[in-house]
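A.B. asks: Coordinates in data.txt, compact mmCIF, C-alpha atoms, are listed below.
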```
# COMPACT_ATOMS: atom_id res chain seq x y z
CA MET A 1 3.43 21.31 -37.24
CA ASP A 2 3.30 17.94 -35.50
CA THR A 3 0.39 16.85 -33.39
CA LEU A 4 0.77 16.17 -29.71
CA SER A 5 2.64 13.01 -28.97
CA TYR A 6 1.10 12.70 -25.50
CA LYS A 7 -2.56 12.72 -24.70
CA THR A 8 -4.14 12.94 -21.31
CA ILE A 9 -6.18 9.84 -20.71
CA SER A 10 -8.99 10.13 -18.19
CA ALA A 11 -10.03 7.00 -16.37
CA LYS A 12 -13.58 5.79 -16.80
CA LYS A 13 -15.66 3.64 -14.49
CA GLU A 14 -15.20 0.69 -16.84
CA THR A 15 -11.41 1.05 -17.20
CA VAL A 16 -10.54 1.51 -13.53
CA LYS A 17 -8.66 -1.34 -11.84
CA LYS A 18 -9.80 -1.47 -8.24
CA GLU A 19 -7.91 -3.54 -5.69
CA TRP A 20 -8.73 -4.77 -2.21
CA VAL A 21 -6.29 -3.80 0.54
CA VAL A 22 -6.16 -4.53 4.27
CA VAL A 23 -4.88 -1.90 6.69
CA ASP A 24 -3.96 -2.92 10.24
CA ALA A 25 -4.88 -0.09 12.62
CA THR A 26 -2.91 -1.43 15.57
CA ASP A 27 -1.09 1.45 17.31
CA GLN A 28 -1.84 3.87 14.45
CA ILE A 29 -2.63 7.53 15.10
CA LEU A 30 -6.25 8.10 14.06
CA GLY A 31 -5.83 11.25 11.95
CA ARG A 32 -2.67 10.15 10.15
CA MET A 33 -4.13 6.77 9.31
CA ALA A 34 -7.43 8.32 8.18
CA SER A 35 -5.73 10.75 5.79
CA LYS A 36 -3.84 7.91 4.11
CA VAL A 37 -7.00 5.78 3.94
CA ALA A 38 -8.87 8.71 2.36
CA LYS A 39 -6.14 8.97 -0.30
CA LEU A 40 -6.39 5.22 -0.93
CA LEU A 41 -10.17 5.45 -1.27
CA ARG A 42 -9.83 8.37 -3.65
CA GLY A 43 -7.12 6.71 -5.76
CA LYS A 44 -4.53 9.45 -5.36
CA TYR A 45 -1.68 6.96 -5.08
CA LYS A 46 -2.39 5.64 -8.58
CA PRO A 47 -0.90 7.16 -11.74
CA SER A 48 -4.30 6.95 -13.45
CA PHE A 49 -6.00 9.21 -10.85
CA THR A 50 -8.99 11.09 -12.22
CA PRO A 51 -10.73 13.53 -9.83
CA HIS A 52 -14.32 12.90 -10.92
CA VAL A 53 -14.17 9.07 -11.08
CA ASP A 54 -14.15 6.47 -8.30
CA CYS A 55 -10.74 5.02 -9.12
CA GLY A 56 -9.64 4.21 -5.58
CA ASP A 57 -9.20 0.89 -3.85
CA ASN A 58 -11.56 -0.95 -1.53
CA VAL A 59 -10.03 -0.57 1.95
CA ILE A 60 -10.55 -2.97 4.86
CA ILE A 61 -9.44 -1.69 8.27
CA VAL A 62 -8.86 -4.39 10.90
CA ASN A 63 -8.10 -3.97 14.62
CA ALA A 64 -9.91 -0.64 14.67
CA ASP A 65 -10.26 -0.89 18.44
CA LYS A 66 -6.47 -0.44 18.80
CA ILE A 67 -6.19 3.04 17.27
CA GLN A 68 -4.51 5.82 19.24
CA LEU A 69 -5.37 9.46 19.81
CA THR A 70 -2.52 11.66 21.02
CA GLY A 71 -2.71 14.04 23.94
CA LYS A 72 -6.13 14.68 25.49
CA LYS A 73 -8.03 14.34 22.20
CA MET A 74 -10.07 11.39 23.48
CA THR A 75 -11.87 13.68 25.94
CA ASP A 76 -11.22 17.24 24.68
CA ARG A 77 -11.94 16.94 20.93
CA VAL A 78 -15.55 17.80 20.14
CA TYR A 79 -17.52 16.65 17.10
CA LEU A 80 -20.64 18.69 16.35
CA ARG A 81 -23.81 17.70 14.53
CA TYR A 82 -26.97 19.65 13.92
CA SER A 83 -30.54 18.37 13.59
CA LEU A 84 -31.75 21.51 11.70
CA TYR A 85 -34.14 22.30 14.56
CA PRO A 86 -33.63 25.33 16.81
CA GLY A 87 -31.36 24.31 19.66
CA GLY A 88 -30.59 21.03 17.90
CA GLN A 89 -26.81 21.24 17.99
CA LYS A 90 -25.31 18.19 19.67
CA ALA A 91 -21.70 17.68 20.70
CA SER A 92 -19.86 14.43 21.31
CA THR A 93 -16.30 13.42 22.12
CA PRO A 94 -14.42 10.43 20.68
CA ALA A 95 -14.78 8.68 24.04
CA ALA A 96 -18.56 9.10 23.90
CA ILE A 97 -18.71 7.86 20.30
CA ILE A 98 -16.60 4.80 21.12
CA ALA A 99 -18.80 3.94 24.12
CA LYS A 100 -21.81 3.35 21.83
CA PRO A 101 -22.35 0.19 19.72
CA ASN A 102 -20.11 0.13 16.60
CA GLY A 103 -18.30 3.12 18.10
CA TYR A 104 -14.94 2.59 16.43
CA ASP A 105 -16.64 2.17 13.06
CA LYS A 106 -18.57 5.42 13.50
CA LEU A 107 -15.50 7.35 14.69
CA ILE A 108 -13.22 6.23 11.86
CA ARG A 109 -15.93 6.78 9.23
CA ARG A 110 -16.54 10.29 10.54
CA VAL A 111 -12.84 11.18 10.43
CA VAL A 112 -12.31 9.70 6.94
CA LYS A 113 -15.48 11.38 5.63
CA GLY A 114 -14.12 14.75 6.73
CA MET A 115 -11.02 14.16 4.59
CA LEU A 116 -12.96 13.33 1.42
CA PRO A 117 -14.37 15.93 -0.99
CA LYS A 118 -17.74 17.37 -0.07
CA ASN A 119 -19.77 16.09 -3.04
CA LYS A 120 -21.75 13.07 -4.24
CA LEU A 121 -18.59 11.14 -5.07
CA ALA A 122 -17.57 11.14 -1.40
CA ALA A 123 -20.64 9.08 -0.44
CA LYS A 124 -19.74 6.50 -3.09
CA LEU A 125 -16.12 6.42 -1.94
CA LEU A 126 -17.16 5.89 1.67
CA ASN A 127 -19.04 2.74 0.61
CA ASN A 128 -15.64 1.24 -0.32
CA LEU A 129 -14.51 1.37 3.33
CA TYR A 130 -14.96 -1.66 5.60
CA ILE A 131 -14.07 -1.38 9.30
CA TYR A 132 -13.72 -4.28 11.76
CA GLU A 133 -12.81 -4.05 15.43
CA GLY A 134 -11.04 -7.40 15.51
CA PRO A 135 -8.41 -9.05 13.30
CA GLU A 136 -11.01 -11.02 11.28
CA HIS A 137 -12.93 -9.66 8.28
CA LYS A 138 -15.58 -11.00 5.87
CA GLN A 139 -13.86 -10.11 2.59
CA GLU A 140 -11.57 -13.16 2.33
CA ALA A 141 -13.15 -14.11 -1.01
CA GLN A 142 -11.76 -10.94 -2.61
CA SER A 143 -8.23 -12.03 -1.60
CA PRO A 144 -7.13 -8.60 -0.33
CA LYS A 145 -3.46 -7.79 0.03
CA ALA A 146 -2.12 -6.50 3.33
CA ILE A 147 -0.28 -3.18 3.10
CA ASP A 148 1.80 -1.20 5.57
CA ILE A 149 0.09 2.18 5.79
CA ASN A 150 3.27 3.75 7.21
CA LEU A 151 5.03 3.39 3.84
CA TYR A 152 2.58 5.82 2.21
CA LYS A 153 2.93 9.60 2.43
```
Is it possible to express this structure as structure tokens?

C.D. replies:
Amino acid sequence: MDTLSYKTISAKKETVKKEWVVVDATDQILGRMASKVAKLLRGKYKPSFTPHVDCGDNVIIVNADKIQLTGKKMTDRVYLRYSLYPGGQKASTPAAIIAKPNGYDKLIRRVVKGMLPKNKLAAKLLNNLYIYEGPEHKQEAQSPKAIDINLYK
């Protein structure tokens, strides 16, 4: 009997090829953009995807202040957090989050974090996300390539 001609190759931290990509958030729907960004961070669009390894790309989001929320989500959606003290449950809307300093950064990070796995790898993946409210970013030295997020599924 012959041996297997195909072997499953798992990616390792040393063999992963990470890229830098720029996503323009102008007129993008927040949830749809965040789900595609979460897949990019995770590496699901790559053929060498391995679930337990950080094999995703480094994602830079520019023009974060131009994202859209459909319907009444800006005022009606409620995000909850809990301080672990009795009566410590706090609620906030996207409009309230945006009104604070670095509001767009906090809102997009919160939405993307909810779409990542709930384990230690998610915290590492979230460190590969860079969010800027304007069109300029600090990662020019990495020569990131601009991608159209609408071409991804």

A.B. asks: Using all atoms listed in the file, can you tell me which of A:Lys7, A:Glu19, A:Thr75, A:Ser92 comes closest to A:Ile147?

C.D. replies: A:Glu19

A.B. asks: List as a list in words the protein and nucleic acid residues near A:Pro47, meaning an atom at most 12 Å away when all atoms listed in the file are counted, but skip any in the same chain fewer than 4 places from it.

C.D. replies: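 So the residues in contact are Thr8, Ile9, Ser10, Ala11, Val16, Lys17, Gly43, Pro51, Cys55 and Gly56 of chain A.
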
A.B. asks: Could you list as a PyMOL selection string every residue that has an atom within 7 Å of (0.3, 9.5, 3.0), using the file's coordinates and counting all atoms listed in the file?

C.D. replies: chain A and resi 35-36+152-153

A.B. asks: What's the separation between atom CA of A:Ile108 and atom CA of A:Asn127, in Å to one decimal place?

C.D. replies: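 So the two atoms, atom CA of A:Ile108 and atom CA of A:Asn127, lie 13.1 Å apart.
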
A.B. asks: Which value, in Å to one decimal, gives the distance between atom CA of A:Arg77 and atom CA of A:Ala95?

C.D. replies: 9.3 Å

A.B. asks: Atom CA of A:Gln68 and atom CA of A:Ile29 are how many Å apart?

C.D. replies: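 Straight-line distance from atom CA of A:Gln68 to atom CA of A:Ile29 works out to 4.9 Å.
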
A.B. asks: Please list as a list in words every residue within 7 Å of A:Val23, counting only C-alpha atoms and excluding residues in the same chain fewer than 2 positions away.

C.D. replies: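 Near neighbours after the sequence-gap exclusion: Val21, Ala25, Ile60, Ile61, Val62, Ala146, Ile147, Asp148 and Ile149 of chain A.
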
A.B. asks: Which one is closest to A:Arg110: A:Arg81, A:Lys44, A:Lys124, A:Lys39? Count all atoms listed in the file.

C.D. replies: A:Arg81

A.B. asks: Centre and edge lengths of an axis-aligned box around all listed atoms of stretch 52-71 of chain A, with 8 Å added on each side, are to be given in Å to one decimal, as lines of an AutoDock Vina configuration file.

C.D. replies:
```
center_x = -8.4
center_y = 4.8
center_z = 6.4
size_x = 27.8
size_y = 34.4
size_z = 51.0
```

A.B. asks: Considering only C-alpha atoms, can you say which of A:Lys66, A:Ala34, A:Glu133, A:Lys18 comes closest to A:Pro101?

C.D. replies: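 Ranked by minimum distance to A:Pro101, first place goes to A:Glu133.
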
A.B. asks: Name all residues at most 7 Å from A:Leu125 (count all atoms listed in the file; drop same-chain ones fewer than 3 positions away) and give them as a ChimeraX atom specification.

C.D. replies: /A:41-42,54,121-122,128

A.B. asks: Hey, what's within 9 Å of stretch 72-74 of chain A if we count only C-alpha atoms and toss same-chain stuff fewer than 5 positions away? As a list in words, please?

C.D. replies: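 Near stretch 72-74 of chain A, the qualifying residues are Thr93, Pro94, Ala95 and Ala96 of chain A.
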
A.B. asks: Would you mind telling me which residue in A:Ser48, A:Val53, A:Leu40, A:Asp65 lies nearest to A:Lys120 when using all atoms listed in the file?

C.D. replies: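 Nearest to A:Lys120: A:Val53.
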
A.B. asks: Can you tell me which residues surround A:Ile97 at a distance of at most 9 Å, considering all atoms listed in the file, apart from same-chain residues fewer than 5 positions away, and format the answer as a list in words?

C.D. replies: Ser92, Asn102, Gly103, Tyr104, Lys106 and Leu107 of chain A

A.B. asks: Here is a test: counting only C-alpha atoms, which residue of A:Tyr85, A:Trp20, A:Tyr6, A:Tyr45 is nearest to A:Tyr130?

C.D. replies: A:Trp20

A.B. asks: My list of candidates is A:Ala38, A:Leu80, A:Gly88, A:Glu14. Which is closest to A:Lys113 when distances are computed with only C-alpha atoms?

C.D. replies: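 Ranked by minimum distance to A:Lys113, first place goes to A:Ala38.
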